[in-house]
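Colleague: Input structure.txt, format and content: compact mmCIF, C-alpha atoms and all ligand atoms.
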```
# COMPACT_ATOMS: atom_id res chain seq x y z
CA MET A 1 -26.15 -14.71 -7.59
CA ILE A 2 -23.48 -14.88 -10.31
CA LYS A 3 -20.23 -16.09 -8.70
CA PRO A 4 -17.33 -13.88 -9.76
CA LYS A 5 -13.73 -15.09 -9.70
CA HIS A 6 -12.14 -14.37 -6.32
CA ILE A 7 -8.51 -14.76 -5.29
CA LEU A 8 -8.54 -15.76 -1.65
CA SER A 9 -5.52 -18.06 -1.92
CA LEU A 10 -3.44 -19.59 -4.71
CA GLN A 11 -5.79 -22.58 -4.46
CA ASP A 12 -8.08 -20.42 -6.62
CA PHE A 13 -5.66 -20.90 -9.57
CA THR A 14 -5.15 -23.84 -11.88
CA GLU A 15 -1.61 -24.50 -13.03
CA ASP A 16 -2.46 -23.07 -16.48
CA GLU A 17 -4.06 -19.94 -15.00
CA LEU A 18 -0.93 -19.37 -12.91
CA GLU A 19 1.33 -19.73 -15.94
CA ASP A 20 -0.89 -17.41 -17.95
CA LEU A 21 -0.97 -14.77 -15.23
CA LEU A 22 2.81 -14.76 -14.72
CA THR A 23 3.35 -14.43 -18.48
CA PHE A 24 0.97 -11.47 -18.59
CA ALA A 25 2.64 -9.87 -15.54
CA ALA A 26 6.05 -10.19 -17.21
CA GLN A 27 4.63 -8.47 -20.30
CA LEU A 28 3.18 -5.63 -18.19
CA LYS A 29 6.58 -5.25 -16.53
CA ILE A 30 8.27 -4.78 -19.92
CA GLU A 31 5.57 -2.41 -21.19
CA ARG A 32 5.39 -0.28 -18.05
CA SER A 33 7.21 2.73 -19.49
CA ASN A 34 4.62 3.03 -22.28
CA ILE A 35 1.99 4.88 -20.28
CA ASP A 36 -0.63 4.80 -23.03
CA ARG A 37 -0.71 1.00 -23.21
CA ASN A 38 -2.83 -1.33 -21.16
CA LYS A 39 -5.46 1.16 -19.93
CA LEU A 40 -7.58 -1.83 -19.04
CA LEU A 41 -9.44 -0.44 -16.02
CA VAL A 42 -10.87 2.80 -17.44
CA GLY A 43 -14.23 3.46 -15.79
CA LYS A 44 -13.59 0.90 -13.03
CA THR A 45 -13.36 1.58 -9.31
CA ILE A 46 -11.49 -0.79 -7.03
CA ALA A 47 -11.90 -0.42 -3.25
CA MET A 48 -9.15 -1.44 -0.85
CA ILE A 49 -10.34 -2.25 2.68
CA PHE A 50 -7.39 -2.57 5.08
CA SER A 51 -7.49 -3.38 8.80
CA LYS A 52 -3.72 -3.85 9.14
CA ALA A 53 -0.68 -1.74 8.25
CA SER A 54 0.80 -1.99 4.75
CA THR A 55 3.46 -0.31 2.64
CA ARG A 56 4.03 -2.55 -0.42
CA THR A 57 0.53 -3.94 -0.89
CA ARG A 58 -1.24 -0.64 -0.47
CA VAL A 59 1.09 1.46 -2.60
CA SER A 60 1.61 -1.11 -5.37
CA PHE A 61 -2.13 -1.71 -5.72
CA GLN A 62 -2.94 2.00 -5.80
CA ALA A 63 -0.15 2.80 -8.27
CA GLY A 64 -1.08 -0.21 -10.40
CA ILE A 65 -4.76 0.73 -10.56
CA TYR A 66 -3.77 4.26 -11.62
CA GLU A 67 -1.42 2.91 -14.31
CA LEU A 68 -4.25 0.78 -15.71
CA GLY A 69 -6.52 3.84 -15.89
CA GLY A 70 -8.79 2.85 -12.98
CA ASN A 71 -9.84 4.56 -9.77
CA SER A 72 -8.68 3.22 -6.39
CA LEU A 73 -10.45 3.95 -3.11
CA PHE A 74 -8.34 3.30 -0.01
CA LEU A 75 -10.66 2.58 2.94
CA ASP A 76 -9.26 2.13 6.41
CA HIS A 77 -11.43 -0.42 8.20
CA ASN A 78 -11.99 2.03 11.06
CA ASP A 79 -13.25 4.77 8.73
CA LEU A 80 -15.99 2.46 7.48
CA GLN A 81 -19.01 1.33 9.48
CA LEU A 82 -17.16 -2.02 9.65
CA GLY A 83 -15.15 -0.41 12.45
CA ARG A 84 -18.40 0.14 14.37
CA GLY A 85 -19.62 -3.41 13.91
CA GLU A 86 -21.36 -3.51 10.53
CA SER A 87 -20.91 -7.04 9.18
CA MET A 88 -18.67 -8.07 6.31
CA SER A 89 -21.68 -9.55 4.52
CA ASP A 90 -23.73 -6.32 4.69
CA THR A 91 -20.71 -4.30 3.57
CA ALA A 92 -20.27 -6.63 0.58
CA LYS A 93 -23.95 -6.36 -0.38
CA VAL A 94 -23.64 -2.57 -0.49
CA LEU A 95 -20.26 -2.25 -2.23
CA ASN A 96 -21.49 -4.68 -4.91
CA ARG A 97 -23.76 -1.84 -6.08
CA TYR A 98 -21.00 0.78 -6.47
CA ILE A 99 -17.69 -0.68 -7.58
CA HIS A 100 -16.01 -3.37 -9.68
CA ALA A 101 -13.62 -5.22 -7.33
CA VAL A 102 -12.43 -5.14 -3.75
CA VAL A 103 -8.98 -5.78 -2.27
CA ILE A 104 -9.09 -6.75 1.43
CA ARG A 105 -6.39 -7.00 4.12
CA THR A 106 -7.88 -8.31 7.34
CA HIS A 107 -7.11 -10.43 10.40
CA LYS A 108 -9.20 -13.58 10.15
CA HIS A 109 -9.27 -15.43 6.87
CA GLU A 110 -12.84 -16.46 7.73
CA SER A 111 -13.90 -12.77 7.56
CA LEU A 112 -12.56 -12.56 4.01
CA VAL A 113 -14.41 -15.75 3.08
CA GLU A 114 -17.61 -14.30 4.58
CA TYR A 115 -17.19 -11.15 2.50
CA ALA A 116 -16.52 -13.15 -0.67
CA GLN A 117 -19.63 -15.30 -0.15
CA HIS A 118 -21.76 -12.16 -0.47
CA SER A 119 -19.75 -10.42 -3.16
CA THR A 120 -20.91 -10.27 -6.77
CA ILE A 121 -17.63 -8.57 -7.72
CA PRO A 122 -14.11 -10.06 -7.53
CA VAL A 123 -12.49 -10.13 -4.07
CA ILE A 124 -8.68 -10.21 -3.81
CA ASN A 125 -6.90 -11.24 -0.63
CA ALA A 126 -4.30 -8.62 0.31
CA LEU A 127 -3.23 -10.70 3.39
CA THR A 128 -5.04 -12.52 6.14
CA ASP A 129 -3.76 -14.61 9.04
CA LYS A 130 -3.73 -17.65 6.70
CA PHE A 131 -2.68 -16.56 3.21
CA HIS A 132 -0.98 -13.80 1.21
CA PRO A 133 -1.46 -14.87 -2.42
CA CYS A 134 -0.44 -11.55 -4.04
CA GLN A 135 2.97 -11.82 -2.37
CA LEU A 136 3.39 -15.37 -3.67
CA LEU A 137 2.53 -14.32 -7.21
CA ALA A 138 5.33 -11.74 -7.00
CA ASP A 139 7.68 -14.35 -5.53
CA LEU A 140 6.92 -16.81 -8.31
CA LEU A 141 7.42 -14.14 -10.98
CA THR A 142 10.76 -13.23 -9.38
CA ILE A 143 11.91 -16.87 -9.44
CA LYS A 144 10.68 -17.36 -13.00
CA VAL A 145 12.56 -14.28 -14.21
CA ASN A 146 15.73 -15.39 -12.36
CA SER A 147 15.72 -19.11 -13.10
CA GLY A 148 13.65 -19.22 -16.30
CA ARG A 149 11.32 -21.84 -14.78
CA LEU A 150 9.46 -22.85 -11.63
CA GLU A 151 9.22 -26.61 -11.95
CA GLY A 152 12.04 -28.43 -10.16
CA ILE A 153 13.24 -25.32 -8.30
CA LYS A 154 14.17 -25.86 -4.63
CA VAL A 155 13.19 -23.27 -2.03
CA ALA A 156 13.97 -23.29 1.70
CA TYR A 157 11.60 -21.32 3.92
CA LEU A 158 13.18 -20.60 7.31
CA GLY A 159 11.45 -19.19 10.39
CA ASP A 160 7.78 -19.18 11.33
CA GLY A 161 6.60 -22.22 9.41
CA ALA A 162 3.00 -21.74 10.54
CA SER A 163 2.63 -18.19 9.21
CA ASN A 164 0.47 -16.88 6.39
CA MET A 165 3.61 -16.79 4.22
CA ALA A 166 4.60 -20.37 4.96
CA TYR A 167 1.10 -21.67 4.20
CA SER A 168 0.98 -19.59 1.03
CA TRP A 169 4.34 -21.03 0.02
CA ALA A 170 3.08 -24.58 0.57
CA VAL A 171 0.14 -23.97 -1.77
CA ALA A 172 2.38 -22.30 -4.37
CA ALA A 173 5.02 -25.02 -4.27
CA LYS A 174 2.50 -27.79 -4.85
CA LEU A 175 0.86 -25.87 -7.71
CA ALA A 176 4.09 -24.82 -9.45
CA GLY A 177 6.10 -28.05 -9.05
CA ILE A 178 8.58 -26.56 -6.57
CA GLU A 179 10.37 -28.51 -3.80
CA LEU A 180 9.71 -26.49 -0.64
CA ARG A 181 11.64 -27.23 2.54
CA ILE A 182 10.20 -25.53 5.61
CA GLY A 183 12.84 -25.23 8.34
CA ALA A 184 11.13 -24.40 11.64
CA PRO A 185 11.05 -25.57 15.27
CA SER A 186 8.20 -27.96 16.10
CA ARG A 187 6.22 -25.18 17.83
CA PHE A 188 6.13 -23.21 14.54
CA GLN A 189 5.70 -25.94 11.95
CA PRO A 190 2.70 -25.98 9.61
CA ASP A 191 -0.33 -28.17 10.15
CA LEU A 192 0.58 -31.32 8.22
CA SER A 193 -3.06 -32.18 7.60
CA PHE A 194 -3.20 -28.99 5.50
CA THR A 195 0.08 -29.40 3.61
CA GLU A 196 -0.68 -33.08 2.90
CA SER A 197 -4.15 -32.23 1.61
CA LEU A 198 -2.74 -30.01 -1.14
CA SER A 199 -2.80 -31.28 -4.67
CA GLY A 200 -0.17 -30.60 -7.33
CA LYS A 201 3.17 -31.86 -8.49
CA GLY A 202 5.36 -29.98 -5.98
CA VAL A 203 6.73 -31.35 -2.71
CA VAL A 204 6.56 -29.88 0.81
CA ILE A 205 9.12 -31.14 3.33
CA VAL A 206 9.17 -29.98 6.96
CA THR A 207 12.30 -30.21 9.14
CA ASP A 208 13.60 -28.64 12.34
CA ASP A 209 17.17 -28.61 10.95
CA PRO A 210 17.84 -25.28 9.20
CA HIS A 211 21.08 -26.52 7.58
CA GLN A 212 19.33 -29.58 6.18
CA ALA A 213 16.55 -27.33 4.88
CA VAL A 214 18.90 -25.11 2.85
CA LYS A 215 21.20 -27.84 1.49
CA ASP A 216 21.41 -27.49 -2.33
CA VAL A 217 18.45 -25.08 -2.57
CA ASP A 218 18.19 -22.39 -5.25
CA TYR A 219 16.42 -19.87 -3.00
CA ILE A 220 16.28 -19.15 0.74
CA TYR A 221 13.14 -17.34 1.86
CA THR A 222 12.22 -15.81 5.18
CA ASP A 223 9.63 -13.55 6.78
CA VAL A 224 9.27 -11.74 10.10
CA TRP A 225 9.15 -13.96 13.17
CA VAL A 226 6.27 -11.94 14.65
CA SER A 227 3.47 -11.48 12.15
CA MET A 228 0.86 -8.77 12.58
CA GLY A 229 -1.56 -9.89 15.29
CA PHE A 230 0.99 -12.11 17.12
CA GLU A 231 2.81 -9.37 19.06
CA SER A 232 2.04 -10.97 22.44
CA GLU A 233 4.28 -13.95 21.50
CA VAL A 234 7.37 -11.87 20.72
CA GLU A 235 9.65 -13.29 23.44
CA GLU A 236 8.89 -16.94 22.72
CA ARG A 237 9.27 -16.41 18.98
CA GLU A 238 12.60 -14.60 19.24
CA LYS A 239 13.99 -17.36 21.43
CA LEU A 240 12.79 -20.36 19.41
CA LEU A 241 13.40 -18.91 15.96
CA MET A 242 16.95 -17.56 16.38
CA PRO A 243 18.55 -20.81 15.02
CA TYR A 244 16.58 -20.20 11.81
CA GLN A 245 18.01 -16.73 11.18
CA VAL A 246 19.14 -16.16 7.58
CA ASN A 247 22.75 -15.12 8.06
CA ASN A 248 26.06 -15.73 6.29
CA GLN A 249 26.60 -19.03 8.04
CA ILE A 250 23.29 -20.47 6.81
CA VAL A 251 23.89 -19.07 3.31
CA LYS A 252 27.19 -20.98 3.21
CA SER A 253 25.28 -24.23 3.84
CA ALA A 254 23.28 -23.72 0.64
CA SER A 255 24.39 -23.97 -3.01
CA SER A 256 26.95 -21.44 -4.28
CA GLY A 257 24.36 -19.73 -6.52
CA VAL A 258 21.64 -19.45 -3.88
CA LYS A 259 19.47 -16.30 -3.96
CA ILE A 260 17.83 -14.69 -0.94
CA MET A 261 14.19 -13.63 -0.79
CA HIS A 262 12.01 -11.91 1.82
CA CYS A 263 8.47 -10.60 1.48
CA LEU A 264 9.32 -7.56 3.64
CA PRO A 265 9.00 -5.70 5.94
CA ALA A 266 12.20 -7.11 7.48
CA LYS A 267 13.36 -6.96 11.07
CA ARG A 268 17.09 -6.64 10.43
CA GLY A 269 19.10 -8.66 12.93
CA GLN A 270 16.20 -10.98 13.66
CA GLU A 271 15.04 -13.27 10.84
CA ILE A 272 17.71 -11.89 8.49
CA THR A 273 21.01 -10.06 8.95
CA SER A 274 21.68 -6.81 7.11
CA ASP A 275 24.73 -8.18 5.30
CA VAL A 276 22.60 -10.90 3.71
CA LEU A 277 19.60 -8.64 3.03
CA ASP A 278 21.79 -6.05 1.29
CA GLY A 279 24.32 -8.55 -0.08
CA PRO A 280 24.97 -9.76 -3.63
CA ARG A 281 22.66 -12.79 -3.35
CA SER A 282 19.62 -10.73 -2.37
CA ILE A 283 16.86 -10.29 -4.96
CA ILE A 284 14.54 -8.78 -2.38
CA TRP A 285 14.05 -5.38 -4.05
CA ASP A 286 13.14 -6.95 -7.42
CA GLU A 287 10.74 -9.16 -5.51
CA ALA A 288 9.10 -6.08 -3.95
CA GLU A 289 8.84 -4.39 -7.36
CA ASN A 290 7.14 -7.45 -8.83
CA ARG A 291 4.17 -6.92 -6.51
CA LEU A 292 3.14 -4.09 -8.82
CA HIS A 293 3.30 -6.14 -12.03
CA VAL A 294 1.50 -9.24 -10.76
CA GLN A 295 -1.28 -7.25 -9.12
CA LYS A 296 -1.85 -5.27 -12.32
CA ALA A 297 -2.14 -8.61 -14.12
CA VAL A 298 -4.60 -9.93 -11.51
CA LEU A 299 -6.80 -6.85 -11.73
CA ALA A 300 -6.76 -6.81 -15.52
CA LYS A 301 -7.72 -10.49 -15.68
CA LEU A 302 -10.49 -10.17 -13.09
CA VAL A 303 -11.95 -6.75 -13.79
CA ALA A 304 -11.22 -5.62 -17.37
CA ASP A 305 -14.08 -6.05 -19.91
N1 LIG B 401 4.96 -7.80 1.79
C1 LIG B 401 3.91 -7.04 2.11
O1 LIG B 401 2.75 -7.41 1.95
O2 LIG B 401 4.25 -5.81 2.60
P1 LIG B 401 3.24 -4.76 3.25
O3 LIG B 401 2.80 -5.34 4.57
O4 LIG B 401 4.07 -3.53 3.42
O5 LIG B 401 2.10 -4.54 2.32
N1 LIG B 402 3.74 -12.70 7.98
C1 LIG B 402 3.74 -11.26 7.87
C2 LIG B 402 3.70 -10.86 6.43
C3 LIG B 402 3.80 -9.39 6.19
C4 LIG B 402 3.74 -9.03 4.75
C5 LIG B 402 2.55 -10.69 8.62
O1 LIG B 402 1.45 -11.21 8.49
O2 LIG B 402 2.73 -9.70 9.35
```
Produce structure tokens that represent the structure in this file.
Ligand code: CP
Ligand code: NVA

Modeller:
Amino acid sequence: MIKPKHILSLQDFTEDELEDLLTFAAQLKIERSNIDRNKLLVGKTIAMIFSKASTRTRVSFQAGIYELGGNSLFLDHNDLQLGRGESMSDTAKVLNRYIHAVVIRTHKHESLVEYAQHSTIPVINALTDKFHPCQLLADLLTIKVNSGRLEGIKVAYLGDGASNMAYSWAVAAKLAGIELRIGAPSRFQPDLSFTESLSGKGVVIVTDDPHQAVKDVDYIYTDVWVSMGFESEVEEREKLLMPYQVNNQIVKSASSGVKIMHCLPAKRGQEITSDVLDGPRSIIWDEAENRLHVQKAVLAKLVAD
């Protein structure tokens, strides 16, 4: 079986590939208004299999595929035979025969890996319990556009430090030469055996002191305290994570030029207050827009002839 290029996490990128992709995404962003350019997916069908809710990922992928001249098929997991127990591997073996790439949002990362092992077409992770690489590509593009570079940038990640976003950030920071400070209580800190196993020139620091985490950073990042699939832990999470809320007080502990990021959706009043989310330091809406540009770049690189 020919192994296609998959994007299951940012560990699937070299530093040069990341740089190249972000440059291409920035170009697509500039050229977006020219609708006749970059029709790179004509004749290609991309399926999107989702077993969890989505606004940004779903809509930006579908709009992006359309803009590149391709055909997107949105497939709710429960509308497929997957919902009745057909395996990921059998689904992959069939879809291989029809389409050119597949974008998957699912619960267990292992299910995505199982699919990819049987896929002869590119598989793109649209979020699992472990990683959300497409979000990180948008985050890195947003920082690059704002700061003009990635290397040497300092980012504080506050909140659930063991979430798919925190792990994705750890991979990205190491790859891109960023200093990442994860501020989280011990119960929600990342597995150090994973963060220490990562290669790259960045640094990942873990602390339970949110003020220490944000000191002198260029960006403060947060995500929901209760990720999809963890709803039964809501009370414990709200209690333990409140000191890590991104509010005006924590923003004052950071550098005067600090910018605020959030992958969205946000729970206003929990991980972030509305005045910070909507305030002058927030670059959250640009960050959301950049999902479109990076995903178009990913699809063009993986699927175009
Ligand atoms: N950030 C993100 O992936 O948003 P959705 O869950 O709305 O796709
Ligand atoms: N950590 C969040 C990210 C949502 C985009 C979740 O998995 O629900």

Colleague: Enter the distance from CA of His118 in chain A to CA of Met48 in chain A, in Å, rounded to one decimal.

Modeller: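 Atom-to-atom, CA of His118 in chain A to CA of Met48 in chain A, that is 16.6 Å.
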
Colleague: What does the list of residues within 12 Å of ligand LIG 402 (chain B) look like if you count all atoms listed in the file, written as a PyMOL selection string?

Modeller: chain A and resi 51-58+105-109+126-136+159-169+222-231+262-267+271+288+291

Colleague: Kindly indicate which residue among A:Leu22, A:Ala254, A:Leu192, A:Met242 lies nearest to Gly269 in chain A, using all atoms listed in the file for the distances.

Modeller: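 For Gly269 in chain A, the nearest of the candidates is A:Met242.
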
Colleague: Looking at only C-alpha atoms, which of A:Ile220, A:Ile272, A:Ile49, A:Ile260 is the one that sits closest to Ala101 in chain A?

Modeller: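 Closest candidate: A:Ile49.
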
Colleague: Just want the 10 Å neighbourhood of Ile65 in chain A, counted on all atoms listed in the file, with same-chain residues fewer than 3 positions away dropped. Output as JSON, numbers by chain.

Modeller: {"A": [39, 40, 41, 42, 44, 45, 46, 59, 60, 61, 62, 68, 69, 70, 71, 72, 73, 292, 295, 296, 299, 300]}

Colleague: If you measure from CA of Ile178 in chain A to CA of Glu151 in chain A, what distance in Å do you get, rounded to one decimal?

Modeller: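 Answer for the CA of Ile178 in chain A to CA of Glu151 in chain A separation: 5.4 Å.
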
Colleague: Grab the CA of Ala138 in chain A to CA of Val204 in chain A distance for me, in Å with one decimal place.

Modeller: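 These two atoms are separated by 19.8 Å.
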
Colleague: Within 12 Å of range 90-99 of chain A, counting all atoms listed in the file, which residues show up once you throw out same-chain ones fewer than 5 positions away? Write them as a VMD selection string, please.

Modeller: chain A and resid 1 to 2 4 41 43 to 49 70 to 73 75 77 80 to 85 104 111 to 123 303

Colleague: Can you list, as a VMD selection string, every protein, DNA or RNA residue that comes within 12 Å of Val258 in chain A when you count only C-alpha atoms, leaving out same-chain residues fewer than 5 positions away?

Modeller: chain A and resid 143 146 to 147 153 to 156 214 to 221 248 250 to 253 276 279 to 283

Colleague: Based on the selection just made, write C-alpha atoms of those residues as a PDB file, in the coordinates of the input.

Modeller:
```
ATOM      1  CA  ILE A 143      11.910 -16.870  -9.440  1.00  0.00           C
ATOM      2  CA  ASN A 146      15.730 -15.390 -12.360  1.00  0.00           C
ATOM      3  CA  SER A 147      15.720 -19.110 -13.100  1.00  0.00           C
ATOM      4  CA  ILE A 153      13.240 -25.320  -8.300  1.00  0.00           C
ATOM      5  CA  LYS A 154      14.170 -25.860  -4.630  1.00  0.00           C
ATOM      6  CA  VAL A 155      13.190 -23.270  -2.030  1.00  0.00           C
ATOM      7  CA  ALA A 156      13.970 -23.290   1.700  1.00  0.00           C
ATOM      8  CA  VAL A 214      18.900 -25.110   2.850  1.00  0.00           C
ATOM      9  CA  LYS A 215      21.200 -27.840   1.490  1.00  0.00           C
ATOM     10  CA  ASP A 216      21.410 -27.490  -2.330  1.00  0.00           C
ATOM     11  CA  VAL A 217      18.450 -25.080  -2.570  1.00  0.00           C
ATOM     12  CA  ASP A 218      18.190 -22.390  -5.250  1.00  0.00           C
ATOM     13  CA  TYR A 219      16.420 -19.870  -3.000  1.00  0.00           C
ATOM     14  CA  ILE A 220      16.280 -19.150   0.740  1.00  0.00           C
ATOM     15  CA  TYR A 221      13.140 -17.340   1.860  1.00  0.00           C
ATOM     16  CA  ASN A 248      26.060 -15.730   6.290  1.00  0.00           C
ATOM     17  CA  ILE A 250      23.290 -20.470   6.810  1.00  0.00           C
ATOM     18  CA  VAL A 251      23.890 -19.070   3.310  1.00  0.00           C
ATOM     19  CA  LYS A 252      27.190 -20.980   3.210  1.00  0.00           C
ATOM     20  CA  SER A 253      25.280 -24.230   3.840  1.00  0.00           C
ATOM     21  CA  VAL A 276      22.600 -10.900   3.710  1.00  0.00           C
ATOM     22  CA  GLY A 279      24.320  -8.550  -0.080  1.00  0.00           C
ATOM     23  CA  PRO A 280      24.970  -9.760  -3.630  1.00  0.00           C
ATOM     24  CA  ARG A 281      22.660 -12.790  -3.350  1.00  0.00           C
ATOM     25  CA  SER A 282      19.620 -10.730  -2.370  1.00  0.00           C
ATOM     26  CA  ILE A 283      16.860 -10.290  -4.960  1.00  0.00           C
TER      27      ILE A 283
END
```

Colleague: Given all atoms listed in the file as the basis, pick out the residue of A:Leu277, A:Val246, A:Ala26, A:Met261 nearest to ligand LIG 401 (chain B).

Modeller: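 Among A:Leu277, A:Val246, A:Ala26, A:Met261, it is A:Met261 that comes nearest to ligand LIG 401 (chain B).
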
Colleague: For ligand LIG 401 (chain B), which of A:Gln249, A:Thr23, A:Asn125, A:Ser9 is the closest residue, counting all atoms listed in the file?

Modeller: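 Of A:Gln249, A:Thr23, A:Asn125, A:Ser9, the one nearest ligand LIG 401 (chain B), counting all atoms listed in the file, is A:Asn125.
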
Colleague: Could you pull the residues within 12 Å of Thr14 in chain A, counting only C-alpha atoms, minus those fewer than 6 positions along the same chain, as a list of chain:residue names?

Modeller: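 So the residues in contact are A:Ile7, A:Asp20, A:Leu21, A:Val171, A:Ala172, A:Lys174, A:Leu175, A:Ala176, A:Ser199, A:Gly200.
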
Colleague: So that all listed atoms of range 240-259 of chain A fit with 4 Å spare on each side, what axis-aligned box centre and edge lengths in Å, to one decimal, would you give as lines of an AutoDock Vina configuration file?

Modeller:
```
center_x = 20.0
center_y = -19.7
center_z = 6.4
size_x = 22.4
size_y = 17.1
size_z = 33.9
```

Colleague: Between A:Val298, A:Ala304, A:Ile30, A:Ile284, which has the minimum distance to ligand LIG 401 (chain B) (counting only C-alpha atoms and all ligand atoms)?

Modeller: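 Selected residue with least distance to ligand LIG 401 (chain B): A:Ile284.
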
Colleague: Between A:Asp76, A:Glu67, A:Glu110, A:Asp208, which one has atoms that come closest to Met88 in chain A, using only C-alpha atoms?

Modeller: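 Smallest distance to Met88 in chain A is found for A:Glu110.
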